[in-house]
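K.L.:
A single structure is presented below for examination.
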Number of protein chains: 4
Amino acid sequence: MLVIMKNDATKEQVIAVVREIERMGYQGIPIPGALRTAVCITGNQGPVDDSRLLSLDGVKETVRVTKPYKLVSRETHPQPTVITIDNVAIGGGKPVVMAGPCAIENEKQTLTIARIVKAHGAQVFRGGAFKPRTSPYSFQGLGEEGLRLLRKVREETGLLIITEAIDHTNIMLVEEYADIIQIGARNMQNYSLLRRAGRSPKPILLKRGFAATIEELLMSAEYIMAAGNSQVILCERGIRTFADNTRNTLDLSAIPSIKEVSHLPVVVDPSHAAGRREYVIPLSRGAIAVGADGLLVEVHHDPVHALSDGRQSLDADQFATLMTQIK
Amino acid sequence: MLVIMKNDATKEQVIAVVREIERMGYQGIPIPGALRTAVCITGNQGPVDDSRLLSLDGVKETVRVTKPYKLVSRETHPQPTVITIDNVAIGGGKPVVMAGPCAIENEKQTLTIARIVKAHGAQVFRGGAFKPRTSPYSFQGLGEEGLRLLRKVREETGLLIITEAIDHTNIMLVEEYADIIQIGARNMQNYSLLRRAGRSPKPILLKRGFAATIEELLMSAEYIMAAGNSQVILCERGIRTFADNTRNTLDLSAIPSIKEVSHLPVVVDPSHAAGRREYVIPLSRGAIAVGADGLLVEVHHDPVHALSDGRQSLDADQFATLMTQIK
Amino acid sequence: MLVIMKNDATKEQVIAVVREIERMGYQGIPIPGALRTAVCITGNQGPVDDSRLLSLDGVKETVRVTKPYKLVSRETHPQPTVITIDNVAIGGGKPVVMAGPCAIENEKQTLTIARIVKAHGAQVFRGGAFKPRTSPYSFQGLGEEGLRLLRKVREETGLLIITEAIDHTNIMLVEEYADIIQIGARNMQNYSLLRRAGRSPKPILLKRGFAATIEELLMSAEYIMAAGNSQVILCERGIRTFADNTRNTLDLSAIPSIKEVSHLPVVVDPSHAAGRREYVIPLSRGAIAVGADGLLVEVHHDPVHALSDGRQSLDADQFATLMTQIK
Amino acid sequence: MLVIMKNDATKEQVIAVVREIERMGYQGIPIPGALRTAVCITGNQGPVDDSRLLSLDGVKETVRVTKPYKLVSRETHPQPTVITIDNVAIGGGKPVVMAGPCAIENEKQTLTIARIVKAHGAQVFRGGAFKPRTSPYSFQGLGEEGLRLLRKVREETGLLIITEAIDHTNIMLVEEYADIIQIGARNMQNYSLLRRAGRSPKPILLKRGFAATIEELLMSAEYIMAAGNSQVILCERGIRTFADNTRNTLDLSAIPSIKEVSHLPVVVDPSHAAGRREYVIPLSRGAIAVGADGLLVEVHHDPVHALSDGRQSLDADQFATLMTQIK
């Protein structure tokens with residue numbers, strides 16, 4: 001349930017509503033909006049008796065939330081959320097490009113690629129320092145050494161940094177170095193990690209699990225928001241189907257499906273979905289045309305010799321083409 | 001195998017090659033190209049001995065075809081196929097819009113919708129006279145009466161007509177009335193119908209089965225081409241997955257996947273894929289941005305009262321918006 | 001809607017009910033049962049006014065059918081259907097084994113395999129004379145010559161014959177030679193063929209399409225029954241999923257799912273589902289344990305040299321093992 | 001690569017081989033077998049030069065491992081693994097039944113159900129104290145209080161205990177109270193948790209992710225074994241498909257698929273796969289017939305009032321029927 005405050009409600013009146021909700025045994029989370037504040041009630045298992053709440057000063061009305069998710073819902077927060085980091089606004093109407101290698105390999109590779117993506121207009125640099133790997137014997141990333149290289153990229157190029165945290169230990173490191181923390185598809189329902197991400201001061205990019213419905217993705221975002229972090233970016237990266245023309249089937253209808261019910265920004269990762277660089281440019285054009293708030297794209301200055309996932313990485317020229325085509 | 005003729009090979013030399021292929025027990029199909037003619041050998045189960053062919057006049061070389069499909073392959077026909085009907089070119093670089101109701105209901109509905117889609121710039125009118133239905137008790141279409149209404153649309157508006165043939169009997173009627181014959185997703189592997197479509201003088205729009213791979217779609221197109229009809233348009237219309245945010249998951253990566261290996265034009269049906277009109281406009285923008293040669297869109301002047309599939313039909317205003325946005 | 005007749009209703013009273021239903025513009029199909037006859041009303045688009053019907057002699061009550069399918073439903077026909085051909089009863093409690101090669105190749109192969117499967121206790125011989133093929137260039141079956149070999153098998157061994165019909169032309173031939181006509185997965189929604197099968201005097205084995213829900217399978221069976229043929233056997237043969245350990249994922253839960261709502265017998269084809277002979281015996285044991293009314297199994301005396309699908313064919317010894325294990 | 005020791009190789013010779021492997025920069029893991037010991041080399045990215053190893057005393061030969069997984073592979077460990085806890089042997093030929101409620105609710109519920117499943121022959125009691133929930137607002141389990149109730153079950157009934165650990169914190173608690181630690185489907189690729197489970201002294205039951213291939217499941221088991229825990233039980237619990245007759249499609253072919261390449265025992269959870277109690281008994285029969293080493297079944301003395309997943313829980317009578325039917 002949402003308690004909608006009057007337009008001129010005072011901060012003290014909002015606090016009184018939260019206190020009353022807590023007295024009822026639930027949690028009250030204030031959601032400031034452009035015109036009015038709402039207080040979202042969470043923690044209730046069934047209907048809530050709103051009679052006491054309606055009698056409080058400053059309360060305009062209560063609204064039942066019809067979805068299983070609350071904080072991520074447009075019902076709670078009708079305007080789209082814009083996440084602003086320095087001078088980059090994600091969800092603000094202008095698509096944001098996050099580009100870089102699958103894995104951070106070494107300083108030279110990292111800075112070379114960073115300069116390329118910066119030169120062509122990317123605003124965020126991506127690169128994995130901790131890599132979730134199907135095999136325990138595969139290269140698991142450079143770890144903190146990789147994070148230090150990402151910091152160097154930020155210092156030298158001014159690009160924002162996004163990198164993945166894969167467990168409760170390395171998220172502590174990642175949030176020190178990164179501007180945006182990525183939670184990968186395989187961890188979309190790692191609730192312990194989601195809760196921890198909800199206590200981070202940094203924005204979270206949450207990837208859709210490759211067999212997750214839109215509602216499940218939103219419920220996972222709800223975990224993060226319920227733990228206190230309202231800066232969540234969702235990411236469509238392909239779903240697992242029988243189709244074998246791509247590694248995963250990119251579900252661009254996820255964009256309008258999410259935007260219909262949620263206020264959170266949505267970006268698209270065409271590289272992991274396609275698994276082949278040949279399809280990344282057309283799918284990127286498609287994602288932007290459908291309404292994505294940004295792209296997460298793999299770029300490598302020398303894809304043939306990339307340590308990881310070179311087959312789906314654009315080279316410098318292809319990335320230049322991509323940036324021209326999505327303008 | 002392909003027998004590539006020299007640029008200055010004569011018609012007689014091509015015929016001699018075909019004859020020699022027939023003597024070898026196979027079939028030889030000449031494929032004229034911009035610069036040179038190729039003769040495609042079909043019907044062989046294994047490798048072909050090309051020594052005799054290479055010694056014939058006008059033969060430049062032979063090329064092994066690496067895919068299970070031949071006539072639909074870019075190896076056989078490197079340039080994209082453009083299908084021109086009157087003044088409409090499908091595959092010629094400018095997207096073609098095919099729009100109209102799911103089912104032809106009556107004269108008034110048909111003409112009203114036809115005028116709407118014509119006014120906003122569609123070039124082809126779509127509408128079902130024979131409807132494949134999951135239930136034997138559902139409305140199965142007006143049949144030939146529906147085809148007569150489609151002819152009226154053509155006479156009054158000049159729009160080309162596309163309508164579905166669902167069996168060997170009604171394809172005979174459909175090819176009399178329609179400019180393009182549609183083979184639906186459920187019939188994508190109805191080989192008897194495909195072969196019959198291959199003997200039709202009219203272009204065929206072949207929809208991807210909702211659980212078909214790209215290779216299976218191309219093999220079905222090969223059935224049509226192998227039977228003699230080279231005018232085939234492919235159509236992506238969504239695949240069946242676990243995802244429940246749309247009726248089917250629209251696989252826009254099908255467009256670059258098909259174009260990489262085949263010369264045939266590809267159109268997209270966002271209406272059937274989405275199953276909800278709210279997603280049709282963004283998905284249409286996406287399809288065009290990815291590189292579709294056209295759209296197949298459901299439009300109804302009064303979707304609420306549509307006999308069939310009103311939930312996914314755009315109304316007149318929405319169709320106007322669509323046409324503006326994809327320009 | 002079902003009109004339930006009294007236990008002692010006369011044939012004339014049943015006919016009077018059918019006539020009245022026809023007067024109302026619908027179709028009335030009598031369904032004889034062990035204790036009483038029901039008359040199923042089909043062809044109505046919405047609710048039916050049953051007041052006139054209830055006043056007729058011999059009518060006990062009317063019952064609304066809650067499913068989109070009627071004739072295949074347990075609501076209409078509570079007892080399981082048993083299809084008896086000569087001395088073989090399908091659905092009668094004892095699993096029936098239908099075994100033989102994927103394709104009929106020649107007389108020697110056919111009779112050799114027939115003797116093997118007969119010796120080990122199969123009751124029905126399977127083998128394709130008309131083969132639906134993904135490629136137009138693949139072996140399409142021996143046609144009527146194959147049917148004649150199947151007749152020979154019947155004459156020599158007494159085995160019943162099941163073979164596939166793939167279009168309106170060859171179903172005419174198939175029904176002359178076969179005891180059971182198979183409609184393949186790719187034709188599950190070939191409504192024209194289903195209607196034709198509904199007018200055949202022979203029982204129909206209808207395979208589940210590899211992307212069909214149980215409800216769609218039942219609706220397709222309804223097409224056959226609505227056209228007049230009540231002898232329908234359903235067949236689970238695997239569905240298309242992301243899983244790559246088998247060609248298709250065998251959905252054994254289809255058996256209780258179908259039996260919960262329908263009275264039709266269900267058999268299982270583990271060979272096509274698995275695509276590998278190594279899994280056929282355990283999956284056959286599983287199918288029988290779950291409750292299948294029979295198996296459709298590929299057997300070849302020399303799988304390595306089989307013209308078609310040898311990889312999934314059991315050899316004579318393996319078939320003997322299978323028959324021992326499912327006893 | 002595997003280094004196969006001679007049948008009479010001494011412990012010292014095995015240690016010398018491990019040391020040499022470590023000198024080469026890899027890890028050497030001794031795998032004792034019935035007749036001989038093998039030493040598995042892990043940590044190499046490419047081919048290993050085995051010349052030095054072959055010259056060591058007690059070494060018979062080296063064998064290249066052809067799969068991406070090593071320790072879980074039958075190549076490394078040809079005999080099936082049997083996991084024995086007290087007097088219960090999992091993988092030993094006799095199916096083991098693990099039964100109990102979805103969630104531990106309170107003492108009375110827990111002990112009531114435990115007595116029921118004990119009385120009918122289950123050997124292991126299942127019940128969740130920590131529940132992974134799609135919604136942050138759902139009941140997340142009783143936590144350590146639930147574990148204490150499970151200990152009470154063990155003390156009173158002698159049943160072994162299996163319960164789920166969902167993160168690095170609660171696995172420490174779970175391994176104190178449980179005999180088998182369950183890793184759920186959503187955590188199948190939570191590599192941090194898998195590595196931690198690999199350092200646990202307790203056997204691990206690893207559920208297949210609902211969109212995981214068999215190879216991915218085995219790679220996740222490899223994480224556990226590579227970290228030192230060789231007691232791993234795999235569990236098939238249904239995969240996500242388009243089919244809507246069950247919550248997930250139970251893939252019983254997973255059993256022969258796993259057993260073909262791995263030595264680990266495989267159990268089946270029909271309750272979560274089906275999502276409906278009506279299908280649990282037939283699917284359990286099927287699982288055992290196909291060759292499962294055990295079942296994980298939800299049982300509740302009062303399913304209608306179960307806090308969680310009552311729809312798929314068997315009641316006492318149904319569980320009694322199940323136990324009779326799988327004998």
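How things are named: the first chain in the structure tokens is A, the next is B, and so on; residues count from 1 in each chain; ligands count from 1 in the order shown.
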Starting from chain C, keep only residues with some atom at most 9 Å from an atom of chain A, counting only C-alpha atoms, and report them as a list of chain:residue names.
P.N.:
C:Arg240, C:Thr241, C:Phe242, C:Ala243
K.L.:
Just asking: which residues within stretch 2-182 of chain B are strand (DSSP E or B) according to DSSP, as a short mmCIF file (atom, residue, chain, number, x, y, z; two decimals) with C-alpha atoms, in the first residue's frame?
P.N.:
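Here's the written file selection.cif:
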data_model
loop_
_atom_site.label_atom_id
_atom_site.label_comp_id
_atom_site.auth_asym_id
_atom_site.auth_seq_id
_atom_site.Cartn_x
_atom_site.Cartn_y
_atom_site.Cartn_z
CA LEU B 2 27.34 -24.11 -58.25
CA VAL B 3 28.59 -23.90 -61.81
CA ILE B 4 29.70 -20.30 -62.34
CA MET B 5 29.45 -19.20 -65.97
CA GLN B 27 18.72 -31.01 -61.54
CA GLY B 28 20.33 -27.80 -62.82
CA ILE B 29 18.71 -24.47 -61.97
CA PRO B 30 20.07 -21.32 -63.67
CA ILE B 31 20.38 -18.32 -61.32
CA PRO B 32 20.85 -15.12 -63.31
CA THR B 37 24.84 -16.55 -64.38
CA ALA B 38 25.34 -19.49 -62.01
CA VAL B 39 23.76 -22.91 -62.38
CA CYS B 40 22.85 -24.56 -59.10
CA ILE B 41 22.99 -28.34 -58.92
CA THR B 42 20.35 -29.91 -56.68
CA VAL B 59 32.05 -22.39 -67.65
CA LYS B 60 34.37 -20.35 -65.41
CA GLU B 61 34.54 -22.51 -62.29
CA THR B 62 32.56 -24.65 -59.88
CA VAL B 63 31.93 -23.76 -56.23
CA SER B 73 21.88 -19.04 -50.04
CA ILE B 83 10.72 -8.53 -55.20
CA THR B 84 8.88 -5.96 -57.25
CA ILE B 85 5.11 -6.02 -57.59
CA VAL B 88 6.30 -1.74 -54.73
CA ALA B 89 9.81 -3.13 -54.20
CA ILE B 90 10.34 -5.45 -51.24
CA VAL B 96 7.34 -1.74 -47.06
CA VAL B 97 4.37 -1.63 -44.71
CA MET B 98 1.70 -4.33 -44.97
CA ALA B 99 -1.23 -3.45 -42.72
CA GLY B 100 -4.80 -4.44 -42.09
CA ALA B 103 -9.53 -11.30 -40.28
CA VAL B 124 0.07 -3.56 -48.98
CA PHE B 125 -3.24 -4.53 -47.37
CA ARG B 126 -3.28 -7.62 -45.18
CA GLY B 128 -7.25 -13.14 -43.50
CA LEU B 160 -1.49 -4.64 -53.05
CA ILE B 161 -3.10 -7.59 -51.29
CA ILE B 162 -1.49 -10.20 -49.04
CA THR B 163 -3.59 -13.00 -47.55
CA GLU B 164 -2.96 -16.44 -46.16
CA ILE B 180 1.36 -12.03 -52.21
CA ILE B 181 0.43 -15.40 -50.72
CA GLN B 182 1.14 -15.80 -47.02
#
K.L.:
Which neighbours of B:Ala306 fall inside 9 Å, counting only C-alpha atoms, when residues of the same chain fewer than 6 positions from it are skipped, and could you give them as a list in words?
P.N.:
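Once the adjacent positions are removed, what remains is Pro101, Cys102, Ala103, Glu105, His300 and Ser313 of chain B.
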K.L.:
Mind writing the picked residues with C-alpha atoms as a CSV table (one decimal), in the first residue's frame?
P.N.:
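New file out.csv:
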chain,number,residue,atom,x,y,z
B,101,PRO,CA,-7.0,-6.5,-39.9
B,102,CYS,CA,-6.4,-10.0,-38.6
B,103,ALA,CA,-9.5,-11.3,-40.3
B,105,GLU,CA,-15.1,-9.5,-41.3
B,300,HIS,CA,-8.4,-2.2,-37.0
B,313,SER,CA,-4.5,-4.3,-33.4
K.L.:
Name all residues at most 9 Å from B:Lys152 (count only C-alpha atoms; drop same-chain ones fewer than 5 positions away) and give them as an mmCIF file with N, CA and C atoms, in the first residue's frame.
P.N.:
data_model
loop_
_atom_site.group_PDB
_atom_site.id
_atom_site.type_symbol
_atom_site.label_atom_id
_atom_site.label_comp_id
_atom_site.auth_asym_id
_atom_site.auth_seq_id
_atom_site.Cartn_x
_atom_site.Cartn_y
_atom_site.Cartn_z
ATOM 1 N N GLU B 107 -17.664 -6.035 -45.609
ATOM 2 C CA GLU B 107 -17.222 -5.024 -46.570
ATOM 3 C C GLU B 107 -16.910 -3.707 -45.892
ATOM 4 N N LEU B 111 -13.152 -2.056 -46.021
ATOM 5 C CA LEU B 111 -12.850 -0.833 -46.762
ATOM 6 C C LEU B 111 -12.455 0.305 -45.820
ATOM 7 N N LEU B 147 -12.026 -13.056 -49.971
ATOM 8 C CA LEU B 147 -11.104 -12.747 -51.081
ATOM 9 C C LEU B 147 -11.713 -11.702 -52.018
ATOM 10 N N THR B 157 -8.431 1.136 -53.706
ATOM 11 C CA THR B 157 -7.317 1.886 -53.114
ATOM 12 C C THR B 157 -6.005 1.722 -53.881
#
K.L.:
Write out as a ChimeraX atom specification which residues come within 12 Å of A:Asp251 when counting only C-alpha atoms, dropping same-chain ones fewer than 4 positions away.
P.N.:
/A:208,210-214,235-241,246,255-258,267-270,273-274,283,286-287,290,292 /B:238-246,248-254,273-274,283,286
K.L.:
Determine, counting only C-alpha atoms, which protein, DNA and RNA residues have an atom within 9 Å of an atom of D:Gly93; residues of the same chain fewer than 2 positions away are not included. Present the result as a ChimeraX atom specification.
P.N.:
/D:82,89-91,95,291,293
K.L.:
Using all heavy atoms, can you export the residues from the last selection as an mmCIF file, in the first residue's frame?
P.N.:
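Listing of out.cif after writing:
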data_model
loop_
_atom_site.group_PDB
_atom_site.id
_atom_site.type_symbol
_atom_site.label_atom_id
_atom_site.label_comp_id
_atom_site.auth_asym_id
_atom_site.auth_seq_id
_atom_site.Cartn_x
_atom_site.Cartn_y
_atom_site.Cartn_z
ATOM 1 N N VAL D 82 29.238 -43.707 -4.365
ATOM 2 C CA VAL D 82 28.188 -43.977 -3.384
ATOM 3 C C VAL D 82 28.488 -43.104 -2.171
ATOM 4 O O VAL D 82 29.599 -43.125 -1.651
ATOM 5 C CB VAL D 82 28.169 -45.464 -2.976
ATOM 6 C CG1 VAL D 82 27.052 -45.722 -1.959
ATOM 7 C CG2 VAL D 82 28.012 -46.347 -4.198
ATOM 8 N N ALA D 89 22.854 -45.173 2.046
ATOM 9 C CA ALA D 89 23.794 -45.105 0.928
ATOM 10 C C ALA D 89 23.088 -44.496 -0.276
ATOM 11 O O ALA D 89 22.116 -45.073 -0.791
ATOM 12 C CB ALA D 89 24.311 -46.498 0.599
ATOM 13 N N ILE D 90 23.584 -43.360 -0.712
ATOM 14 C CA ILE D 90 22.985 -42.694 -1.874
ATOM 15 C C ILE D 90 23.833 -43.019 -3.090
ATOM 16 O O ILE D 90 25.026 -42.713 -3.126
ATOM 17 C CB ILE D 90 22.898 -41.175 -1.643
ATOM 18 C CG1 ILE D 90 22.055 -40.905 -0.391
ATOM 19 C CG2 ILE D 90 22.298 -40.479 -2.858
ATOM 20 C CD1 ILE D 90 22.187 -39.495 0.143
ATOM 21 N N GLY D 91 23.210 -43.642 -4.082
ATOM 22 C CA GLY D 91 23.961 -44.085 -5.248
ATOM 23 C C GLY D 91 24.295 -45.567 -5.192
ATOM 24 O O GLY D 91 24.955 -46.090 -6.078
ATOM 25 N N PRO D 95 16.993 -46.770 -4.198
ATOM 26 C CA PRO D 95 16.612 -45.360 -4.149
ATOM 27 C C PRO D 95 16.368 -44.876 -2.719
ATOM 28 O O PRO D 95 15.769 -45.585 -1.908
ATOM 29 C CB PRO D 95 15.302 -45.317 -4.940
ATOM 30 C CG PRO D 95 15.329 -46.518 -5.810
ATOM 31 C CD PRO D 95 16.085 -47.563 -5.043
ATOM 32 N N GLY D 291 16.010 -44.535 -13.482
ATOM 33 C CA GLY D 291 17.283 -44.851 -12.837
ATOM 34 C C GLY D 291 17.762 -43.867 -11.791
ATOM 35 O O GLY D 291 18.950 -43.876 -11.430
ATOM 36 N N ASP D 293 18.684 -42.190 -8.309
ATOM 37 C CA ASP D 293 19.196 -42.756 -7.063
ATOM 38 C C ASP D 293 18.370 -42.335 -5.854
ATOM 39 O O ASP D 293 18.672 -42.746 -4.731
ATOM 40 C CB ASP D 293 20.655 -42.319 -6.867
ATOM 41 C CG ASP D 293 21.562 -42.876 -7.947
ATOM 42 O OD1 ASP D 293 21.629 -44.111 -8.064
ATOM 43 O OD2 ASP D 293 22.178 -42.081 -8.684
#
K.L.:
Can you tell me which residues surround B:Thr324 at a distance of at most 12 Å, considering only C-alpha atoms, apart from same-chain residues fewer than 2 positions away, and format the answer as a list in words?
P.N.:
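Returned residues: His120, Gly121, Ala122, Ile281, Ser284, Arg285, Asp317, Gln318, Phe319, Ala320, Thr321, Leu322, Ile326 and Lys327 of chain B.
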K.L.:
Just write the chosen residues, N, CA, C and O atoms, as a short mmCIF file (atom, residue, chain, number, x, y, z; two decimals), in the first residue's frame.
P.N.:
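And here is the file that came out, selection00.cif:
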data_model
loop_
_atom_site.label_atom_id
_atom_site.label_comp_id
_atom_site.auth_asym_id
_atom_site.auth_seq_id
_atom_site.Cartn_x
_atom_site.Cartn_y
_atom_site.Cartn_z
N HIS B 120 -2.29 6.58 -44.59
CA HIS B 120 -1.08 6.81 -43.80
C HIS B 120 0.17 6.23 -44.46
O HIS B 120 1.25 6.27 -43.88
N GLY B 121 0.00 5.65 -45.66
CA GLY B 121 1.21 5.30 -46.40
C GLY B 121 1.55 3.82 -46.52
O GLY B 121 2.63 3.49 -47.03
N ALA B 122 0.65 2.93 -46.08
CA ALA B 122 0.94 1.50 -46.29
C ALA B 122 0.87 1.21 -47.79
O ALA B 122 0.15 1.88 -48.53
N ILE B 281 4.38 -0.41 -31.64
CA ILE B 281 5.11 0.73 -32.19
C ILE B 281 6.60 0.66 -31.83
O ILE B 281 7.45 0.73 -32.73
N SER B 284 8.19 -2.10 -33.82
CA SER B 284 8.30 -1.76 -35.24
C SER B 284 9.50 -0.86 -35.48
O SER B 284 10.27 -1.07 -36.43
N ARG B 285 9.68 0.13 -34.62
CA ARG B 285 10.88 0.99 -34.76
C ARG B 285 12.13 0.13 -34.69
O ARG B 285 13.07 0.30 -35.46
N ASP B 317 -5.30 6.06 -35.14
CA ASP B 317 -4.33 7.04 -34.62
C ASP B 317 -2.99 6.39 -34.33
O ASP B 317 -1.93 6.96 -34.62
N GLN B 318 -3.05 5.22 -33.75
CA GLN B 318 -1.80 4.53 -33.42
C GLN B 318 -1.04 4.17 -34.71
O GLN B 318 0.19 4.27 -34.77
N PHE B 319 -1.79 3.77 -35.73
CA PHE B 319 -1.12 3.44 -36.99
C PHE B 319 -0.48 4.69 -37.60
O PHE B 319 0.64 4.64 -38.13
N ALA B 320 -1.18 5.81 -37.48
CA ALA B 320 -0.60 7.07 -37.97
C ALA B 320 0.70 7.36 -37.24
O ALA B 320 1.71 7.75 -37.85
N THR B 321 0.70 7.15 -35.93
CA THR B 321 1.92 7.38 -35.14
C THR B 321 3.04 6.46 -35.60
O THR B 321 4.18 6.88 -35.80
N LEU B 322 2.70 5.20 -35.78
CA LEU B 322 3.70 4.24 -36.24
C LEU B 322 4.35 4.71 -37.53
O LEU B 322 5.58 4.72 -37.67
N ILE B 326 8.46 5.53 -38.08
CA ILE B 326 9.41 4.68 -38.82
C ILE B 326 9.91 5.35 -40.10
O ILE B 326 10.63 4.75 -40.88
N LYS B 327 9.48 6.58 -40.31
CA LYS B 327 9.94 7.27 -41.53
C LYS B 327 11.42 7.61 -41.44
O LYS B 327 11.91 8.01 -40.40
#
K.L.:
What is the atom CA of A:Arg133 to atom CA of D:Thr81 distance in Å?
P.N.:
25.8 Å
